[in-house]
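A.B. asks: I have a structure I would like to understand better, so I am pasting it below and will then ask my questions one at a time.
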Amino acid sequence: MTYRFDYSWIAEYWPVILKGLVTTVELTLIGTLFGVALGIACAWTRSLGPRWLRPPVVAYVELIRNTPFLIQLFFIFFGLPSLGVQMTEFQAAVLAMVINLGAYSGEIIRAGIEATPRGQFEAGASLAMTRFETFRHVVLIPALQRIWPALSSQIVIVMLGSSVVSQIAAEDITFAANFIQSRTFRAFESYFLTTGLYLLLALALRQALRGVGRMLFPRRAAR
Amino acid sequence: MMTFTLWDILRNLLLAARWTVLLSLVSFIGGGLLGMALLYLRIGKARAGQIFVQGYVELFQGTPLLMQLFLAFFGLGLFGIDVPAWLAAGLALILWTAAFLVEIWRGCVESVARGQWEASASLGMGYVQQMRYVILPQAVRVAVPPTVGFSVQVVKGTALTSIIGFVELSKAGTVVTNATFEPFTVYGLVALIYFALCWPLSKSSQILERKLNVAHRNH
Amino acid sequence: MSLIAITEVKKRFGDVEVLKGINLDVERGEVVAIIGKSGSGKSTLLRCVNGLEMIDDGSIMVAGAQLINDDLHLKALRLKVGMIFQQFNLFPHLSAGRNVMLSQMVVKKTPAREAEAMARRMLERVGLGHKFDAYPDQLSGGQQQRVAIARALSMQPMALLCDEITSALDPELVNEVLAVVKELAADGMTLMMVTHEMRFAREVCDRVVFMHQGRVHEIGPPEEVFGNPRTPELRQFLGAQLVV
Ligand SMILES: Nc1ncnc2c1ncn2[C@@H]1O[C@H](COP(=O)(O)OP(=O)(O)OP(=O)(O)O)[C@@H](O)[C@H]1O
Ligand SMILES: [Mg+2]
């Protein structure tokens, strides 16, 4: 093969990549924060919440888990404006990620809640806490601890999946790569470099989530 | 300007959905075969093989599928071939699918209890015989539900091939939207078609899983 | 008036009637032991008194307040009676001190500093003042159970319900927990305890209740119940206990 790799464009284009990196990190942070919060709400509803709220949550979860993220994104960004909801690319991207992670993490967290020993609920009740207080102060943290590895993997999957937000022109890493290849015609080099960037980001994110886990859960889980 | 009825839209989408189904099948079968080969290395005795597969999994699970599609598309282009989108799409999806399946299956093999290895070894079986007659038959039973479950990810993964220009359901959605200016309806329908494809798979995975758990409890 | 008044209480699980009309009054400061075969309904009775199970018939009054199945009444009831469980049920993600502080802060809205002072006093009372910052998985079973007692005490209940609180403990740890209970009894705490520790029941309790097939089969002071059982069921039960 006589192809010669050419990375001379980096000198000029590194700020574009840096900007993309920052956007991807921002998307991931905000998406994770709100997505997991939504997931906790869904998990609570399905395992402990009012019965009438359960069917809509199940429908939401099933719908999201059985359709591609790309279509969810398009529906939100192109479809919702026809209902009068206007959003920037970034907002649409965040919203899509939150809705997506909300459904997946909801299922994961629910498993954690349902593995709670019954005695924990009873201890809370016997101390005069309401069901919700018991959930909030007694059940939630150990439940999250139980499923933290699975939740972390899902967050990494969502971060990697965010590369498609470039398709609605949200200016993430992939958008930067597309931009650079359209200017320099060094498509392979451009995608190769940014792929490596994603790989590093995934490793860093996993490390960071492990750190968060250590912070949130100083103790070994019961059982 | 032409006007489109709902039926026109749906018909176009359904026609394109055939390609989604076909690409899913190819990716799943191809990925499954490659996954088996990788599994052979991964649970084999050779250290080099294990490390290779670990690296492979790390690479394909640690990078976006979209990037893998781009690299396949433009990477194949480096060989001077004019790469058709279906080729790059199929290749990337097969490699990606294999990376996930090998990890799922490895977990299943490892879930077969330690005692089974010891019992079969005590009967004088060699490694290959142990695998062939004791471990794999049990692992396969455990592997079916998560494997079916992963097929949902493959179907959804095919949506990304629209970005490198393969015309399947998602791409058709974009094309029809551009013709009809009805994104809400069109993407809504696209989502429903994906749902119709994926939901039965998800459900059967769940049901299989439940059956397996019940069977295990009765042991 | 009795502190706890249990009148004609019936409880069924599906088709099985587990409590078939229980009558039992517990006076303020009284220590009542509940004994009986496995499945006789001892735990169910205690759980009903704490509102963990809802009764199907009859009534339970604690300090004049009736047990009614709504959040407000349940909360009022549970502020009056605490419960200690066989499996301790400490909160694994909180230190011993935090375990004791939590419900004060959440339920009574006690400020953190006061809750902490209370927690330290209660841990001191069960002999674990030095374990404030230890987590449950760093404590022995006996210590965990004592933290659970401190946790219940911190809500300043009028009565404590104890369901086989030493059954999950290694034999050498039983006494440290019983010693704490004995002190509580001496301090005038009202106690209803399901127990298999016959010697303890005889020494510490004012009355012993023998339950059999969902009914109070015999009741009386320990000397009578242990020394002069009137029914063959109780005789048989006590005989089996001696063999063990
Ligand atoms: N939640 C429940 N659902 C159905 N049946 C139950 C439930 N809880 C208890 N039971 C049944 O009620 C009966 C009485 O149970 P209970 O736990 O009160 O007995 P116990 O006297 O405490 O026995 P042990 O000494 O074994 O603790 C048993 O037959 C038990 O199987
Ligand atoms: Mg019991």
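Chain identifiers are assigned as A, B, and so on, following the order in which chains appear in the structure tokens; residues are numbered from 1 within each chain, and ligands are numbered from 1 in order of appearance.
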Taking only C-alpha atoms into account and nothing else, which residues of chain A lie no more than 8 Å away from chain B? Please answer as a ChimeraX atom specification.

C.D. replies: /A:1,3,62-63,66-72,74-75,78-80,82,160-161,163-164,167,174,187-188,191-192,195-196,198-199,202-203

A.B. asks: Distance limit 7 Å, atoms considered: only C-alpha atoms. Which chain A residues sit that close to chain C? Return them as a short mmCIF file (atom, residue, chain, number, x, y, z; two decimals) with C-alpha atoms, in the first residue's frame.

C.D. replies:
```
data_model
loop_
_atom_site.label_atom_id
_atom_site.label_comp_id
_atom_site.auth_asym_id
_atom_site.auth_seq_id
_atom_site.Cartn_x
_atom_site.Cartn_y
_atom_site.Cartn_z
CA GLY A 119 -35.91 -5.76 56.10
CA GLN A 120 -34.56 -2.41 54.93
CA ALA A 123 -36.63 -0.92 59.37
CA SER A 126 -40.60 0.93 62.01
CA LEU A 127 -38.65 4.18 62.50
CA ALA A 128 -41.76 6.07 61.33
CA MET A 129 -40.32 7.03 57.97
CA VAL A 138 -32.36 4.06 53.01
CA PRO A 142 -27.37 0.84 48.27
CA PHE A 217 -20.46 4.35 48.26
CA ARG A 219 -18.97 0.88 52.11
CA ALA A 221 -23.10 -3.29 49.83
CA ALA A 222 -25.13 -5.58 52.07
#
```

A.B. asks: Which residues come within 8 Å of C:Cys205, counting only C-alpha atoms, excluding same-chain residues fewer than 5 positions away, as a list in words?

C.D. replies: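 Non-adjacent residues within range: Glu30, Val31, Val32, Ala33, Phe200, Pro221 and Pro222 of chain C.
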
A.B. asks: Could you write out the selected residues, including N, CA, C and O atoms, as an mmCIF file, in the first residue's frame?

C.D. replies:
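Contents of out_15.cif, freshly written:
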```cif
data_model
loop_
_atom_site.group_PDB
_atom_site.id
_atom_site.type_symbol
_atom_site.label_atom_id
_atom_site.label_comp_id
_atom_site.auth_asym_id
_atom_site.auth_seq_id
_atom_site.Cartn_x
_atom_site.Cartn_y
_atom_site.Cartn_z
ATOM 1 N N GLU C 30 -44.208 -2.797 81.655
ATOM 2 C CA GLU C 30 -44.248 -4.245 81.748
ATOM 3 C C GLU C 30 -43.334 -4.878 80.692
ATOM 4 O O GLU C 30 -43.153 -4.335 79.607
ATOM 5 N N VAL C 31 -42.773 -6.034 81.042
ATOM 6 C CA VAL C 31 -41.952 -6.783 80.094
ATOM 7 C C VAL C 31 -42.649 -8.106 79.819
ATOM 8 O O VAL C 31 -42.837 -8.910 80.729
ATOM 9 N N VAL C 32 -43.059 -8.293 78.571
ATOM 10 C CA VAL C 32 -43.832 -9.471 78.216
ATOM 11 C C VAL C 32 -43.042 -10.328 77.240
ATOM 12 O O VAL C 32 -42.571 -9.824 76.213
ATOM 13 N N ALA C 33 -42.868 -11.592 77.574
ATOM 14 C CA ALA C 33 -42.209 -12.517 76.650
ATOM 15 C C ALA C 33 -43.276 -13.286 75.890
ATOM 16 O O ALA C 33 -44.297 -13.662 76.471
ATOM 17 N N PHE C 200 -33.821 -16.321 80.112
ATOM 18 C CA PHE C 200 -33.956 -14.869 80.130
ATOM 19 C C PHE C 200 -35.406 -14.478 80.414
ATOM 20 O O PHE C 200 -35.690 -13.595 81.226
ATOM 21 N N PRO C 221 -47.548 -15.146 84.957
ATOM 22 C CA PRO C 221 -46.189 -14.831 85.390
ATOM 23 C C PRO C 221 -45.268 -16.010 85.098
ATOM 24 O O PRO C 221 -45.737 -17.144 85.031
ATOM 25 N N PRO C 222 -43.974 -15.766 84.910
ATOM 26 C CA PRO C 222 -43.067 -16.818 84.478
ATOM 27 C C PRO C 222 -43.060 -18.033 85.398
ATOM 28 O O PRO C 222 -43.009 -19.162 84.914
#
```

A.B. asks: For ligand 1, list the contacting residues at 8 Å or closer, counting only C-alpha atoms and all ligand atoms, as a PyMOL selection string.

C.D. replies: chain C and resi 12-14+16-19+36-45+163-164+194+211+214

A.B. asks: Any idea what's packed within 12 Å of stretch 207-217 of chain B, counting only C-alpha atoms, ignoring anything in its chain fewer than 2 positions away? Could you give it as a PyMOL selection string?

C.D. replies: chain B and resi 138-149+200-205+219
